[in-house]
Amino acid sequence: MTGQVQANRTDTTVDDRVADDVPRLAEIMGSIALEVAELARAADSLQDLVGSLLCDPLAMPDASALVRGQALDAVVQRLQALETFLIALTPSLDPEWRVDPTSAADLLLLASLAQRLSGAAAGAAEDAGAIDGDCDYF
């Protein structure tokens, strides 16, 4: 059942055999939590840079720069809170629930993120050298 949660099925059908290839919802939630944690760490590391720039009077022409710096702190806090929420929520998911993340992953512009979230191995070798956020010149 593509794109839908399959809950506690008792009958054995073709869908059950296909379900073995579909990741468990808990696995997907865990992958999302890892991505959020990495984003939080990246944003947190930027705070030092932004803080240094904000302390330089030449880098901060007006108070709006300080407000934007505080917005970065809010982003970090929200990402950390989402990580905590997802990690805490994941164990409560029924281990039999499965969801096919393929159609959702197909909407993502970052191929390596889509692969990590969907568990897709196809195309991994093609994208092995690329890092999300790398600048691509056309």
# chains A, B, ... in the order shown; residues from 1 in each chain; ligands from 1

call {"tool": "select_by_dssp", "arguments": {"residues": "segment 20-83 of chain A", "states": "helix (DSSP H, G or I)", "output": "ChimeraX atom specification"}}
result
/A:25-55,64-83

call {"tool": "write_last_selection", "arguments": {"atoms": "N, CA and C atoms", "output": "compact mmCIF listing (two decimals), in the first residue's frame"}}
result
# COMPACT_ATOMS: atom_id res chain seq x y z
N LEU A 25 7.81 2.42 9.83
CA LEU A 25 7.63 3.83 10.14
C LEU A 25 8.64 4.29 11.19
N ALA A 26 8.93 3.44 12.15
CA ALA A 26 9.90 3.79 13.20
C ALA A 26 11.28 4.05 12.59
N GLU A 27 11.66 3.29 11.56
CA GLU A 27 12.95 3.49 10.91
C GLU A 27 12.99 4.85 10.21
N ILE A 28 11.90 5.20 9.55
CA ILE A 28 11.83 6.49 8.86
C ILE A 28 11.90 7.63 9.87
N MET A 29 11.15 7.49 10.97
CA MET A 29 11.18 8.52 12.01
C MET A 29 12.59 8.66 12.59
N GLY A 30 13.28 7.55 12.76
CA GLY A 30 14.66 7.59 13.25
C GLY A 30 15.58 8.32 12.28
N SER A 31 15.38 8.08 10.98
CA SER A 31 16.18 8.77 9.96
C SER A 31 15.92 10.27 9.98
N ILE A 32 14.66 10.64 10.15
CA ILE A 32 14.32 12.06 10.23
C ILE A 32 14.96 12.69 11.46
N ALA A 33 14.93 11.99 12.58
CA ALA A 33 15.54 12.51 13.82
C ALA A 33 17.04 12.72 13.61
N LEU A 34 17.71 11.80 12.92
CA LEU A 34 19.14 11.97 12.65
C LEU A 34 19.40 13.19 11.77
N GLU A 35 18.58 13.39 10.75
CA GLU A 35 18.74 14.55 9.88
C GLU A 35 18.54 15.85 10.65
N VAL A 36 17.52 15.88 11.50
CA VAL A 36 17.25 17.08 12.30
C VAL A 36 18.42 17.34 13.25
N ALA A 37 18.97 16.28 13.84
CA ALA A 37 20.11 16.43 14.76
C ALA A 37 21.31 17.01 14.03
N GLU A 38 21.57 16.53 12.81
CA GLU A 38 22.70 17.05 12.03
C GLU A 38 22.48 18.52 11.67
N LEU A 39 21.24 18.88 11.33
CA LEU A 39 20.94 20.28 11.03
C LEU A 39 21.13 21.16 12.27
N ALA A 40 20.70 20.66 13.41
CA ALA A 40 20.86 21.42 14.65
C ALA A 40 22.33 21.65 14.96
N ARG A 41 23.17 20.61 14.78
CA ARG A 41 24.60 20.77 15.02
C ARG A 41 25.21 21.77 14.04
N ALA A 42 24.81 21.70 12.78
CA ALA A 42 25.34 22.63 11.78
C ALA A 42 24.94 24.07 12.09
N ALA A 43 23.68 24.27 12.44
CA ALA A 43 23.22 25.61 12.78
C ALA A 43 23.89 26.10 14.05
N ASP A 44 24.10 25.21 15.01
CA ASP A 44 24.76 25.58 16.26
C ASP A 44 26.19 26.04 15.99
N SER A 45 26.88 25.36 15.09
CA SER A 45 28.26 25.75 14.78
C SER A 45 28.30 27.12 14.11
N LEU A 46 27.23 27.49 13.42
CA LEU A 46 27.17 28.81 12.78
C LEU A 46 26.98 29.93 13.80
N GLN A 47 26.45 29.59 14.97
CA GLN A 47 26.21 30.62 15.98
C GLN A 47 27.50 31.32 16.41
N ASP A 48 28.60 30.56 16.52
CA ASP A 48 29.87 31.18 16.89
C ASP A 48 30.31 32.19 15.84
N LEU A 49 30.17 31.81 14.59
CA LEU A 49 30.54 32.72 13.50
C LEU A 49 29.66 33.96 13.53
N VAL A 50 28.37 33.76 13.64
CA VAL A 50 27.44 34.89 13.67
C VAL A 50 27.71 35.75 14.90
N GLY A 51 27.97 35.11 16.04
CA GLY A 51 28.28 35.86 17.25
C GLY A 51 29.50 36.74 17.09
N SER A 52 30.53 36.20 16.47
CA SER A 52 31.74 36.99 16.23
C SER A 52 31.46 38.17 15.31
N LEU A 53 30.68 37.92 14.28
CA LEU A 53 30.34 39.01 13.35
C LEU A 53 29.50 40.08 14.03
N LEU A 54 28.59 39.65 14.91
CA LEU A 54 27.73 40.61 15.59
C LEU A 54 28.50 41.45 16.60
N CYS A 55 29.58 40.91 17.14
CA CYS A 55 30.39 41.66 18.11
C CYS A 55 31.31 42.67 17.42
N SER A 64 19.24 45.35 13.56
CA SER A 64 18.57 44.25 12.85
C SER A 64 19.48 43.04 12.73
N ALA A 65 20.79 43.25 12.69
CA ALA A 65 21.72 42.13 12.62
C ALA A 65 21.64 41.30 13.90
N LEU A 66 21.47 41.95 15.03
CA LEU A 66 21.34 41.24 16.30
C LEU A 66 20.05 40.42 16.31
N VAL A 67 18.98 40.96 15.78
CA VAL A 67 17.70 40.24 15.71
C VAL A 67 17.85 39.01 14.81
N ARG A 68 18.55 39.16 13.69
CA ARG A 68 18.76 38.01 12.79
C ARG A 68 19.63 36.96 13.47
N GLY A 69 20.61 37.40 14.26
CA GLY A 69 21.44 36.45 15.01
C GLY A 69 20.63 35.68 16.02
N GLN A 70 19.69 36.35 16.67
CA GLN A 70 18.81 35.67 17.62
C GLN A 70 17.88 34.70 16.90
N ALA A 71 17.52 35.00 15.68
CA ALA A 71 16.68 34.09 14.89
C ALA A 71 17.43 32.78 14.64
N LEU A 72 18.74 32.85 14.42
CA LEU A 72 19.53 31.63 14.23
C LEU A 72 19.49 30.78 15.49
N ASP A 73 19.57 31.41 16.65
CA ASP A 73 19.48 30.68 17.91
C ASP A 73 18.12 30.00 18.03
N ALA A 74 17.07 30.67 17.61
CA ALA A 74 15.73 30.08 17.65
C ALA A 74 15.64 28.86 16.73
N VAL A 75 16.29 28.93 15.57
CA VAL A 75 16.32 27.80 14.64
C VAL A 75 16.99 26.60 15.30
N VAL A 76 18.13 26.84 15.95
CA VAL A 76 18.85 25.76 16.63
C VAL A 76 17.96 25.14 17.70
N GLN A 77 17.32 25.96 18.51
CA GLN A 77 16.47 25.45 19.58
C GLN A 77 15.31 24.63 19.02
N ARG A 78 14.71 25.08 17.94
CA ARG A 78 13.59 24.34 17.35
C ARG A 78 14.05 23.01 16.76
N LEU A 79 15.20 23.00 16.10
CA LEU A 79 15.73 21.75 15.55
C LEU A 79 16.05 20.76 16.66
N GLN A 80 16.65 21.24 17.74
CA GLN A 80 16.95 20.36 18.87
C GLN A 80 15.67 19.82 19.50
N ALA A 81 14.65 20.65 19.59
CA ALA A 81 13.37 20.22 20.16
C ALA A 81 12.70 19.18 19.26
N LEU A 82 12.76 19.38 17.95
CA LEU A 82 12.20 18.39 17.01
C LEU A 82 12.93 17.05 17.11
N GLU A 83 14.25 17.12 17.24
CA GLU A 83 15.02 15.89 17.40
C GLU A 83 14.56 15.14 18.65

call {"tool": "atom_distance", "arguments": {"atom1": "atom CA of Leu113 of chain A", "atom2": "atom CA of Leu86 of chain A"}}
result
17.3 Å

call {"tool": "closest_residue", "arguments": {"among": "A:Ser103, A:Thr84, A:Ser112, A:Ser118", "to": "Arg24 of chain A", "atoms": "only C-alpha atoms"}}
result
A:Ser118

call {"tool": "atom_distance", "arguments": {"atom1": "atom CA of Ala105 of chain A", "atom2": "atom CA of Gly119 of chain A"}}
result
9.7 Å

call {"tool": "atom_distance", "arguments": {"atom1": "atom CA of Leu89 of chain A", "atom2": "atom CA of Leu109 of chain A"}}
result
26.6 Å
